[in-house]
$ cat final.tsv   # TSV, C-alpha atoms and all ligand atoms
chain	number	residue	atom	x	y	z
A	12	MET	CA	0.00	0.00	0.00
A	13	SER	CA	1.38	3.40	-0.92
A	14	ASP	CA	1.36	5.91	1.93
A	15	ASN	CA	-0.54	8.40	-0.17
A	16	GLN	CA	-3.33	6.09	-1.12
A	17	HIS	CA	-5.67	7.60	1.44
A	18	GLU	CA	-6.15	10.98	-0.15
A	19	HIS	CA	-9.71	11.98	-0.73
A	20	THR	CA	-9.89	13.68	-4.07
A	21	ASP	CA	-12.71	15.96	-2.94
A	22	THR	CA	-13.51	16.90	-6.53
A	23	HIS	CA	-16.92	18.17	-5.34
A	24	LEU	CA	-14.97	20.98	-3.63
A	25	ASP	CA	-13.06	22.15	-6.71
A	26	GLY	CA	-13.07	25.93	-6.62
A	27	ALA	CA	-14.71	26.04	-3.17
A	28	GLY	CA	-13.78	28.81	-0.74
A	29	PHE	CA	-11.47	28.35	2.24
A	30	GLU	CA	-14.27	28.16	4.80
A	31	THR	CA	-16.15	25.57	2.75
A	32	ARG	CA	-13.03	23.43	2.40
A	33	ALA	CA	-12.30	23.78	6.12
A	34	ILE	CA	-15.68	22.27	6.91
A	35	HIS	CA	-16.20	19.77	4.10
A	36	ALA	CA	-12.79	18.61	2.83
A	37	GLY	CA	-11.46	15.22	3.79
A	38	TYR	CA	-14.69	13.52	4.81
A	39	ARG	CA	-18.16	12.81	3.41
A	40	PRO	CA	-20.91	11.65	5.81
A	41	ASP	CA	-20.33	8.03	6.76
A	42	PRO	CA	-22.18	5.78	4.25
A	43	THR	CA	-23.31	3.34	6.99
A	44	THR	CA	-24.61	5.71	9.66
A	45	GLY	CA	-24.63	9.12	8.03
A	46	ALA	CA	-22.34	10.46	10.80
A	47	VAL	CA	-21.55	14.01	9.74
A	48	ILE	CA	-18.33	14.19	11.71
A	49	PRO	CA	-15.54	11.62	11.24
A	50	PRO	CA	-15.55	9.03	14.02
A	51	ILE	CA	-12.46	8.67	16.22
A	52	TYR	CA	-11.16	5.37	14.92
A	53	ALA	CA	-9.54	4.10	18.12
A	54	THR	CA	-8.10	1.02	16.52
A	55	SER	CA	-4.54	-0.12	15.95
A	56	THR	CA	-5.31	-2.74	13.31
A	57	TYR	CA	-7.90	-3.66	10.68
A	58	ALA	CA	-9.50	-6.98	9.70
A	59	GLN	CA	-8.36	-8.17	6.28
A	60	ASP	CA	-10.58	-10.00	3.79
A	61	GLY	CA	-8.03	-12.71	3.14
A	62	VAL	CA	-4.28	-12.02	3.26
A	63	GLY	CA	-3.65	-8.60	1.75
A	64	GLY	CA	-7.39	-7.97	1.29
A	65	LEU	CA	-7.40	-4.52	2.89
A	66	ARG	CA	-10.61	-2.54	3.28
A	67	GLY	CA	-9.97	0.96	1.97
A	68	GLY	CA	-6.22	0.34	2.16
A	69	TYR	CA	-6.10	0.30	5.96
A	70	GLU	CA	-3.85	-2.28	7.59
A	71	TYR	CA	-2.19	-0.74	10.69
A	72	SER	CA	-2.73	2.66	12.32
A	73	ARG	CA	0.89	3.83	12.20
A	74	SER	CA	0.63	3.58	8.42
A	75	ALA	CA	-2.86	5.04	8.16
A	76	ASN	CA	-5.95	5.62	10.29
A	77	PRO	CA	-9.24	6.99	8.90
A	78	THR	CA	-9.48	9.85	11.42
A	79	ARG	CA	-5.93	10.88	10.56
A	80	THR	CA	-6.70	10.52	6.84
A	81	ALA	CA	-9.59	12.97	7.21
A	82	LEU	CA	-7.29	15.46	8.96
A	83	GLU	CA	-4.48	14.99	6.43
A	84	SER	CA	-6.86	15.60	3.53
A	85	THR	CA	-8.21	18.74	5.19
A	86	LEU	CA	-4.72	20.08	5.92
A	87	ALA	CA	-3.80	19.57	2.27
A	88	ALA	CA	-7.03	21.15	1.01
A	89	LEU	CA	-6.47	24.24	3.15
A	90	GLU	CA	-2.97	24.81	1.76
A	91	GLY	CA	-4.19	24.20	-1.79
A	92	ALA	CA	-2.12	21.00	-2.04
A	93	ALA	CA	-2.54	17.32	-2.78
A	94	HIS	CA	-0.63	15.77	0.12
A	95	GLY	CA	-0.93	16.29	3.88
A	96	PHE	CA	0.71	14.40	6.75
A	97	ALA	CA	-0.20	14.66	10.43
A	98	PHE	CA	2.29	14.12	13.26
A	99	ALA	CA	2.39	13.86	17.03
A	100	SER	CA	3.87	17.38	17.31
A	101	GLY	CA	5.29	20.17	15.18
A	102	LEU	CA	8.79	19.01	16.06
A	103	ALA	CA	7.99	15.41	15.08
A	104	ALA	CA	6.90	16.78	11.69
A	105	GLU	CA	10.13	18.77	11.38
A	106	ASP	CA	12.30	15.83	12.39
A	107	THR	CA	10.59	13.59	9.83
A	108	LEU	CA	11.07	16.21	7.13
A	109	ILE	CA	14.76	16.67	7.90
A	110	ARG	CA	15.36	12.93	7.73
A	111	ALA	CA	13.32	12.59	4.55
A	112	LEU	CA	15.18	15.36	2.72
A	113	CYS	CA	18.71	15.54	4.14
A	114	ARG	CA	21.75	13.30	4.39
A	115	PRO	CA	25.03	13.62	6.37
A	116	GLY	CA	27.14	16.39	4.84
A	117	ASP	CA	24.14	18.46	3.79
A	118	HIS	CA	23.47	21.99	4.99
A	119	VAL	CA	20.36	23.98	5.91
A	120	VAL	CA	19.92	27.76	6.08
A	121	LEU	CA	17.86	28.66	9.15
A	122	PRO	CA	16.11	31.91	10.11
A	123	ASN	CA	18.18	33.90	12.61
A	124	ASP	CA	14.94	34.28	14.59
A	125	ALA	CA	13.36	30.84	14.62
A	126	TYR	CA	11.25	29.06	17.20
A	127	GLY	CA	13.75	27.94	19.86
A	128	GLY	CA	12.76	24.29	19.57
A	129	THR	CA	13.36	24.31	15.81
A	130	PHE	CA	16.81	25.79	16.36
A	131	ARG	CA	17.52	23.21	19.09
A	132	LEU	CA	16.49	20.37	16.77
A	133	PHE	CA	19.01	21.50	14.16
A	134	ASP	CA	21.70	22.67	16.56
A	135	LYS	CA	21.70	19.88	19.15
A	136	VAL	CA	20.17	16.89	17.38
A	137	ALA	CA	20.58	17.06	13.59
A	138	THR	CA	24.22	18.19	13.87
A	139	ASN	CA	24.98	14.83	15.54
A	140	TRP	CA	23.84	13.20	12.33
A	141	GLY	CA	26.17	15.33	10.20
A	142	LEU	CA	23.68	18.00	9.11
A	143	ALA	CA	25.20	21.50	9.18
A	144	HIS	CA	23.20	24.72	9.51
A	145	SER	CA	23.80	28.43	9.49
A	146	PRO	CA	21.53	31.35	10.39
A	147	ALA	CA	20.46	34.14	8.04
A	148	PRO	CA	18.01	37.00	8.44
A	149	VAL	CA	14.75	36.06	6.70
A	150	THR	CA	14.16	39.73	5.95
A	151	ASP	CA	17.14	39.86	3.57
A	152	PRO	CA	17.09	37.56	0.50
A	153	ASP	CA	20.68	38.58	-0.36
A	154	ALA	CA	21.90	37.45	3.06
A	155	VAL	CA	20.03	34.16	2.62
A	156	ARG	CA	21.66	33.73	-0.81
A	157	ALA	CA	25.08	34.42	0.75
A	158	ALA	CA	24.46	31.80	3.47
A	159	ILE	CA	23.75	29.09	0.91
A	160	ARG	CA	26.59	26.60	0.38
A	161	PRO	CA	26.39	25.61	-3.29
A	162	GLY	CA	25.84	21.89	-3.70
A	163	GLU	CA	25.44	21.34	0.06
A	164	THR	CA	22.40	23.42	1.00
A	165	LYS	CA	19.31	21.26	0.65
A	166	ILE	CA	16.81	23.41	2.53
A	167	VAL	CA	16.18	27.08	3.08
A	168	TRP	CA	13.98	27.14	6.16
A	169	LEU	CA	11.64	30.05	6.62
A	170	GLU	CA	9.34	31.13	9.41
A	171	THR	CA	7.19	34.13	8.58
A	172	PRO	CA	6.17	35.85	10.78
A	173	THR	CA	9.04	34.64	12.95
A	174	ASN	CA	8.77	33.64	16.57
A	175	PRO	CA	9.01	35.84	18.65
A	176	LEU	CA	10.26	38.93	16.74
A	177	LEU	CA	7.56	38.76	14.04
A	178	SER	CA	10.01	39.44	11.20
A	179	ILE	CA	8.60	38.95	7.73
A	180	GLY	CA	10.33	36.96	4.99
A	181	ASP	CA	9.30	37.42	1.37
A	182	ILE	CA	8.20	33.89	0.44
A	183	GLU	CA	8.25	34.48	-3.30
A	184	ALA	CA	11.73	36.05	-3.27
A	185	LEU	CA	13.16	33.37	-0.96
A	186	ALA	CA	11.66	30.57	-3.07
A	187	ALA	CA	13.57	31.99	-6.05
A	188	VAL	CA	16.79	32.20	-3.99
A	189	ALA	CA	16.42	28.60	-2.81
A	190	HIS	CA	15.49	27.22	-6.22
A	191	ASP	CA	18.36	29.03	-7.97
A	192	ALA	CA	20.70	27.10	-5.68
A	193	GLY	CA	18.91	23.77	-6.21
A	194	ALA	CA	17.53	23.86	-2.65
A	195	LEU	CA	13.96	23.56	-1.37
A	196	LEU	CA	12.04	26.28	0.46
A	197	VAL	CA	10.31	24.99	3.60
A	198	VAL	CA	7.92	27.45	5.26
A	199	ASP	CA	6.77	27.10	8.85
A	200	ASN	CA	3.28	28.58	8.51
A	201	THR	CA	2.35	28.16	12.18
A	202	PHE	CA	2.07	31.86	13.08
A	203	ALA	CA	0.07	32.94	10.05
A	204	SER	CA	-2.01	29.75	9.65
A	205	SER	CA	-3.30	28.43	6.33
A	206	TYR	CA	-6.07	31.02	6.41
A	207	LEU	CA	-3.83	34.08	6.42
A	208	GLN	CA	-1.00	32.81	4.22
A	209	GLN	CA	-0.61	30.28	1.41
A	210	PRO	CA	3.13	29.59	1.01
A	211	LEU	CA	2.83	26.87	-1.64
A	212	ALA	CA	1.07	29.27	-4.01
A	213	LEU	CA	4.02	31.64	-3.54
A	214	GLY	CA	6.60	29.02	-4.51
A	215	ALA	CA	7.37	27.14	-1.27
A	216	ASP	CA	7.92	23.39	-1.59
A	217	VAL	CA	6.78	22.18	1.83
A	218	VAL	CA	4.67	23.81	4.54
A	219	VAL	CA	5.17	22.94	8.21
A	220	HIS	CA	2.67	23.56	11.00
A	221	SER	CA	2.64	23.13	14.68
A	222	THR	CA	-1.08	22.28	14.69
A	223	THR	CA	-0.85	22.74	18.46
A	224	LYS	CA	-1.34	26.44	17.69
A	225	TYR	CA	-3.94	28.11	15.43
A	226	ALA	CA	-4.91	24.95	13.53
A	227	GLY	CA	-6.04	23.21	16.75
A	228	GLY	CA	-6.92	26.59	18.20
A	229	HIS	CA	-8.14	25.55	21.67
A	230	SER	CA	-4.93	24.71	23.57
A	231	ASP	CA	-6.09	21.13	24.05
A	232	VAL	CA	-3.84	19.17	21.69
A	233	VAL	CA	-0.21	18.90	20.54
A	234	GLY	CA	0.26	18.10	16.87
A	235	GLY	CA	2.18	18.84	13.70
A	236	ALA	CA	1.74	18.75	9.95
A	237	LEU	CA	3.62	18.71	6.66
A	238	VAL	CA	1.92	19.68	3.42
A	239	THR	CA	3.26	19.55	-0.14
A	240	ASP	CA	1.94	19.53	-3.67
A	241	ASP	CA	5.00	17.72	-5.00
A	242	ALA	CA	4.35	14.00	-5.51
A	243	GLU	CA	8.02	13.04	-5.22
A	244	LEU	CA	8.47	14.90	-1.93
A	245	ALA	CA	5.17	13.43	-0.69
A	246	GLU	CA	6.43	9.94	-1.42
A	247	LYS	CA	9.57	10.53	0.66
A	248	ILE	CA	7.68	12.19	3.50
A	249	GLY	CA	5.01	9.47	3.56
A	250	TYR	CA	7.65	6.77	3.63
A	251	HIS	CA	9.47	8.42	6.54
A	252	GLN	CA	6.25	9.18	8.40
A	253	ASN	CA	5.48	5.48	8.50
A	254	ALA	CA	9.09	4.36	8.97
A	255	ILE	CA	9.79	6.74	11.88
A	256	GLY	CA	6.29	6.58	13.37
A	257	GLY	CA	5.80	10.02	14.94
A	258	VAL	CA	2.18	10.08	13.80
A	259	ALA	CA	-0.87	11.89	15.19
A	260	GLY	CA	-3.12	9.55	17.15
A	261	PRO	CA	-6.84	9.43	16.23
A	262	PHE	CA	-8.05	11.45	19.25
A	263	ASP	CA	-5.52	14.20	18.57
A	264	ALA	CA	-6.26	14.14	14.83
A	265	TRP	CA	-9.96	14.58	15.63
A	266	LEU	CA	-9.32	17.61	17.85
A	267	VAL	CA	-7.24	19.34	15.17
A	268	LEU	CA	-9.87	18.53	12.57
A	269	ARG	CA	-12.53	20.13	14.76
A	270	GLY	CA	-10.34	23.17	15.29
A	271	LEU	CA	-9.75	23.69	11.58
A	272	LYS	CA	-13.48	24.05	10.91
A	273	THR	CA	-13.48	27.45	12.66
A	274	LEU	CA	-9.97	28.56	11.69
A	275	ALA	CA	-11.14	31.35	9.38
A	276	LEU	CA	-13.50	32.87	11.95
A	277	ARG	CA	-10.94	32.64	14.70
A	278	MET	CA	-8.14	34.21	12.62
A	279	GLU	CA	-10.37	37.17	11.73
A	280	ARG	CA	-11.11	37.77	15.40
A	281	HIS	CA	-7.49	37.20	16.50
A	282	SER	CA	-6.48	39.80	13.91
A	283	ASP	CA	-9.19	42.29	14.98
A	284	ASN	CA	-8.12	42.05	18.63
A	285	ALA	CA	-4.38	42.12	17.90
A	286	GLU	CA	-4.74	45.26	15.76
A	287	ARG	CA	-6.50	47.07	18.61
A	288	ILE	CA	-3.86	45.95	21.11
A	289	ALA	CA	-0.96	46.94	18.85
A	290	ASP	CA	-2.49	50.43	18.54
A	291	PHE	CA	-2.99	50.70	22.29
A	292	LEU	CA	0.58	49.62	23.07
A	293	SER	CA	1.99	51.99	20.43
A	294	GLY	CA	0.68	54.93	22.43
A	295	HIS	CA	1.79	53.68	25.86
A	296	PRO	CA	4.67	55.54	27.61
A	297	SER	CA	6.19	52.34	29.09
A	298	VAL	CA	6.51	50.71	25.69
A	299	SER	CA	9.61	51.42	23.61
A	300	GLN	CA	8.65	49.37	20.55
A	301	VAL	CA	5.60	47.48	19.34
A	302	ILE	CA	6.30	44.68	16.87
A	303	TYR	CA	3.26	43.81	14.76
A	304	PRO	CA	3.37	43.32	10.98
A	305	GLY	CA	0.07	45.19	10.65
A	306	LEU	CA	1.66	48.46	11.81
A	307	ALA	CA	2.78	50.71	8.93
A	308	GLU	CA	6.15	51.26	10.65
A	309	HIS	CA	6.94	47.51	10.81
A	310	PRO	CA	9.82	46.96	8.35
A	311	GLY	CA	8.03	43.94	6.86
A	312	HIS	CA	4.64	45.64	6.54
A	313	ALA	CA	4.68	45.93	2.75
A	314	VAL	CA	5.68	42.29	2.22
A	315	ALA	CA	3.19	41.11	4.86
A	316	SER	CA	0.43	43.09	3.15
A	317	ARG	CA	1.27	41.35	-0.11
A	318	GLN	CA	1.45	37.80	1.15
A	319	MET	CA	-0.88	37.71	4.16
A	320	LYS	CA	-4.64	38.19	4.21
A	321	ARG	CA	-4.39	39.92	7.60
A	322	TYR	CA	-1.65	40.15	10.23
A	323	GLY	CA	-2.61	37.54	12.81
A	324	GLY	CA	-2.88	37.36	16.57
A	325	MET	CA	0.74	37.60	17.71
A	326	VAL	CA	2.03	40.91	19.10
A	327	SER	CA	5.44	41.45	20.68
A	328	PHE	CA	6.62	44.56	22.47
A	329	ARG	CA	9.66	45.91	24.25
A	330	VAL	CA	9.49	47.97	27.42
A	331	ARG	CA	11.57	50.90	28.60
A	332	GLY	CA	12.09	49.36	32.06
A	333	GLY	CA	14.16	46.43	30.76
A	334	GLU	CA	13.89	42.78	31.78
A	335	GLU	CA	12.61	43.59	35.26
A	336	GLN	CA	9.63	45.46	33.90
A	337	ALA	CA	8.97	42.84	31.22
A	338	LEU	CA	8.82	40.14	33.92
A	339	ALA	CA	6.62	42.33	36.13
A	340	ILE	CA	4.09	42.83	33.31
A	341	CYS	CA	3.97	39.08	32.65
A	342	ALA	CA	3.23	38.54	36.35
A	343	ALA	CA	0.56	41.25	36.57
A	344	THR	CA	-2.06	40.32	33.97
A	345	SER	CA	-5.17	38.36	34.84
A	346	VAL	CA	-7.12	37.91	31.59
A	347	PHE	CA	-3.87	37.17	29.73
A	348	THR	CA	-2.62	33.90	31.23
A	349	LEU	CA	1.12	33.58	31.79
A	350	GLY	CA	2.12	30.59	29.73
A	351	GLU	CA	4.01	29.22	26.75
A	352	SER	CA	2.41	28.26	23.45
A	353	LEU	CA	0.07	30.40	21.37
A	354	GLY	CA	-2.79	30.31	18.92
A	355	GLY	CA	-5.58	29.29	21.29
A	356	VAL	CA	-8.85	31.13	21.86
A	357	GLU	CA	-7.53	32.43	25.21
A	358	SER	CA	-4.96	35.20	25.44
A	359	LEU	CA	-1.48	34.31	26.68
A	360	ILE	CA	1.49	36.41	27.76
A	361	GLU	CA	5.08	35.29	28.09
A	362	HIS	CA	8.70	36.40	28.42
A	363	PRO	CA	10.50	34.75	25.47
A	364	GLY	CA	14.00	35.25	26.91
A	365	ARG	CA	13.20	33.23	30.04
A	366	MET	CA	10.52	30.94	28.63
A	367	THR	CA	9.99	29.80	24.99
A	368	HIS	CA	13.39	30.97	23.80
A	369	ALA	CA	15.58	30.10	26.80
A	370	SER	CA	17.24	27.44	24.62
A	371	VAL	CA	18.69	30.09	22.28
A	372	ALA	CA	20.35	32.15	25.04
A	373	GLY	CA	23.97	32.83	24.14
A	374	THR	CA	23.47	32.02	20.44
A	375	ASP	CA	22.93	34.21	17.37
A	376	LEU	CA	19.20	33.73	17.98
A	377	GLU	CA	19.14	35.25	21.48
A	378	VAL	CA	16.11	37.50	21.98
A	379	PRO	CA	16.04	40.86	23.82
A	380	ALA	CA	15.50	40.63	27.60
A	381	ASP	CA	12.97	43.48	27.56
A	382	LEU	CA	10.67	41.63	25.13
A	383	VAL	CA	7.13	40.49	25.98
A	384	ARG	CA	5.14	38.28	23.60
A	385	LEU	CA	1.35	38.19	23.46
A	386	SER	CA	-0.82	35.56	21.86
A	387	VAL	CA	-3.97	37.62	21.53
A	388	GLY	CA	-7.08	35.50	21.96
A	389	ILE	CA	-10.67	36.03	20.90
A	390	GLU	CA	-12.07	37.41	24.17
A	391	SER	CA	-13.84	40.81	24.37
A	392	VAL	CA	-11.13	43.23	23.31
A	393	GLU	CA	-12.11	45.79	25.98
A	394	ASP	CA	-11.21	43.25	28.68
A	395	LEU	CA	-7.86	42.55	27.05
A	396	LEU	CA	-7.05	46.27	26.76
A	397	ALA	CA	-8.05	46.92	30.37
A	398	ASP	CA	-5.92	43.99	31.56
A	399	LEU	CA	-2.83	45.23	29.74
A	400	ASP	CA	-3.42	48.81	30.88
A	401	ARG	CA	-3.57	47.64	34.48
A	402	ALA	CA	-0.50	45.41	34.16
A	403	LEU	CA	1.57	48.14	32.52
A	404	GLY	CA	0.47	50.53	35.28
A	405	VAL	CA	1.37	48.11	38.08
A	406	SER	CA	4.79	47.43	36.56
A	407	GLY	CA	5.70	51.17	36.61
A	408	SER	CA	7.32	53.00	33.74
B	501	LIG	C1	6.66	28.46	14.85
B	501	LIG	C2	6.69	27.13	15.54
B	501	LIG	N1	7.08	26.04	14.84
B	501	LIG	C3	7.14	24.82	15.41
B	501	LIG	C4	6.83	24.63	16.73
B	501	LIG	C5	6.95	23.25	17.34
B	501	LIG	O1	5.70	22.69	17.48
B	501	LIG	P1	5.28	21.64	18.65
B	501	LIG	O2	5.41	22.38	19.94
B	501	LIG	O3	3.89	21.27	18.27
B	501	LIG	O4	6.23	20.50	18.57
B	501	LIG	C6	6.41	25.72	17.50
B	501	LIG	C7	6.06	25.54	18.92
B	501	LIG	O5	5.93	26.49	19.67
B	501	LIG	C8	6.35	27.01	16.88
B	501	LIG	O6	5.97	28.10	17.57
$ encode --input "final.tsv" --output "structure tokens" --more "lines below"
Ligand SMILES: Cc1ncc(COP(=O)(O)O)c(C=O)c1O
Amino acid sequence: MSDNQHEHTDTHLDGAGFETRAIHAGYRPDPTTGAVIPPIYATSTYAQDGVGGLRGGYEYSRSANPTRTALESTLAALEGAAHGFAFASGLAAEDTLIRALCRPGDHVVLPNDAYGGTFRLFDKVATNWGLAHSPAPVTDPDAVRAAIRPGETKIVWLETPTNPLLSIGDIEALAAVAHDAGALLVVDNTFASSYLQQPLALGADVVVHSTTKYAGGHSDVVGGALVTDDAELAEKIGYHQNAIGGVAGPFDAWLVLRGLKTLALRMERHSDNAERIADFLSGHPSVSQVIYPGLAEHPGHAVASRQMKRYGGMVSFRVRGGEEQALAICAATSVFTLGESLGGVESLIEHPGRMTHASVAGTDLEVPADLVRLSVGIESVEDLLADLDRALGVSGS
């Protein structure tokens, strides 16, 4: 059985809008019961009609499971692609991709502002297997070109917006840079989500998601995804997904699938609330810099406006009172919960230097100590503004 045999073609959705695909792709009501929502197939194995007589191609749930198939088809449909793969976490997806595409002696260009766990995977794990990497600013295609090692660079890795500094990389320009050098462009689309940004249409070869974030959307599941429209890459990824085994379980797949149905609505509201908060922070005396791609003064604003539908729910800001004040603000909010992760319906606040990005301290990717990161949720925006106003007041200026 080929690993890609479980794609639903969904031809009835040809030309359908994003919201329609989010709700209908990947699954038609169950022919036996009419169940409108895919069941959670909590099964490890499948009865065979005689040796090799598989029903629908299912033989063992590491290789394929119908709940996961529904999710994988939806993930692909939302990125405008043919092939989706669901994993136990974003990092499991990344690890599988690295092993599918790279060999000892190869090289990867990484963003100089990447999620700390992605950097750690390359810097502390993949290097032990002979994979080299070097950082480059995603905002500067010439610097990325200069970081490429001809013949050795297999992947240019891009996060846009980056975590946590919300830098913007020009996907189209970086795809050209990567392809000129015979490398692939991989885009981590976690921060924007499939709704706000479509990297494959702009020339990327593979899209990565931590579905833990906006795709799941409710802070109740950890998961990851890879999506590609390239059949050859899909073959390699599918083979490694099964061979390595870091797959999404059926319960987790079901939660992400449920989350995706409301992704469009949530991203609109996240963006509405984040825009209001970015404006509020821009006028606050304690704040030295607001980093939000939707602000005209953000250096990546023009590129973001071209390649994103809106600017998303992540807002970072720096404070005049240094690390002490940044920590005090994180401790003083009550509607914003102090915690790692992002992309859920509830608002979160964190100090990247001490929390999500502690693993990059002392490296080229170190983040400023006076930085606070917000994952702006979908609560009433007045409550979020009042909470921040209070916390900034308590922390002093
Ligand atoms: C941009 C980005 N990519 C990848 C990951 C890793 O995903 P996971 O935590 O699901 O393994 C994260 C997690 O925070 C992230 O923010």
$ residues_near_ligand --input "final.tsv" --ligand "ligand LIG 501 (chain B)" --cutoff "9 Å" --atoms "only C-alpha atoms and all ligand atoms" --output "VMD selection string"
chain A and resid 98 to 105 125 to 129 170 to 175 199 to 202 219 to 224 232 to 236 351 to 353 367
$ atom_distance --input "final.tsv" --atom1 "atom CA of A:His118" --atom2 "atom CA of A:Gly193"
12.2 Å
$ residues_around --input "final.tsv" --residues "stretch 270-287 of chain A" --least-positions-apart "4" --cutoff "8 Å" --atoms "only C-alpha atoms" --output "list in words"
Phe29, Glu30, Ala33, Ile34, Tyr206, Leu207, Tyr225, Ala226, Gly227, Gly228, His229, Leu266, Phe291, Gly305, Arg321, Tyr322, Gly323, Gly324, Met325, Val326, Val356, Val387, Gly388, Ile389 and Val392 of chain A
$ write_last_selection --input "final.tsv" --atoms "C-alpha atoms" --output "PDB file, keeping the file's coordinate frame"
ATOM      1  CA  PHE A  29     -11.470  28.350   2.240  1.00  0.00           C
ATOM      2  CA  GLU A  30     -14.270  28.160   4.800  1.00  0.00           C
ATOM      3  CA  ALA A  33     -12.300  23.780   6.120  1.00  0.00           C
ATOM      4  CA  ILE A  34     -15.680  22.270   6.910  1.00  0.00           C
ATOM      5  CA  TYR A 206      -6.070  31.020   6.410  1.00  0.00           C
ATOM      6  CA  LEU A 207      -3.830  34.080   6.420  1.00  0.00           C
ATOM      7  CA  TYR A 225      -3.940  28.110  15.430  1.00  0.00           C
ATOM      8  CA  ALA A 226      -4.910  24.950  13.530  1.00  0.00           C
ATOM      9  CA  GLY A 227      -6.040  23.210  16.750  1.00  0.00           C
ATOM     10  CA  GLY A 228      -6.920  26.590  18.200  1.00  0.00           C
ATOM     11  CA  HIS A 229      -8.140  25.550  21.670  1.00  0.00           C
ATOM     12  CA  LEU A 266      -9.320  17.610  17.850  1.00  0.00           C
ATOM     13  CA  PHE A 291      -2.990  50.700  22.290  1.00  0.00           C
ATOM     14  CA  GLY A 305       0.070  45.190  10.650  1.00  0.00           C
ATOM     15  CA  ARG A 321      -4.390  39.920   7.600  1.00  0.00           C
ATOM     16  CA  TYR A 322      -1.650  40.150  10.230  1.00  0.00           C
ATOM     17  CA  GLY A 323      -2.610  37.540  12.810  1.00  0.00           C
ATOM     18  CA  GLY A 324      -2.880  37.360  16.570  1.00  0.00           C
ATOM     19  CA  MET A 325       0.740  37.600  17.710  1.00  0.00           C
ATOM     20  CA  VAL A 326       2.030  40.910  19.100  1.00  0.00           C
ATOM     21  CA  VAL A 356      -8.850  31.130  21.860  1.00  0.00           C
ATOM     22  CA  VAL A 387      -3.970  37.620  21.530  1.00  0.00           C
ATOM     23  CA  GLY A 388      -7.080  35.500  21.960  1.00  0.00           C
ATOM     24  CA  ILE A 389     -10.670  36.030  20.900  1.00  0.00           C
ATOM     25  CA  VAL A 392     -11.130  43.230  23.310  1.00  0.00           C
TER      26      VAL A 392
END
$ atom_distance --input "final.tsv" --atom1 "atom CA of A:Arg79" --atom2 "atom CA of A:Gly26"
23.9 Å
$ residues_around --input "final.tsv" --residues "stretch 240-255 of chain A" --least-positions-apart "5" --cutoff "6 Å" --atoms "all atoms listed in the file" --output "list in words"
Asp14, Ser74, Ala92, Ala93, His94 and Ala111 of chain A
$ atom_distance --input "final.tsv" --atom1 "atom CA of A:Leu213" --atom2 "atom CA of A:Ser327"
26.2 Å
$ closest_residue --input "final.tsv" --among "A:Asp134, A:Asp181, A:Asp124, A:Glu70" --to "A:Met319" --atoms "all atoms listed in the file"
A:Asp181
$ closest_residue --input "final.tsv" --among "A:Arg73, A:Ala81, A:Leu177, A:Ile166" --to "A:Asp117" --atoms "only C-alpha atoms"
A:Ile166
$ residues_near_point --input "final.tsv" --point "(19.7, 26.9, 23.7)" --cutoff "12 Å" --atoms "all atoms listed in the file" --output "MDAnalysis selection string"
chainID A and resid 125:136 364:378
$ residues_near_point --input "final.tsv" --point "(-16.9, 11.2, 14.0)" --cutoff "12 Å" --atoms "only C-alpha atoms" --output "PyMOL selection string"
chain A and resi 38-41+44-53+77-79+81-82+261-262+264-266+268-269
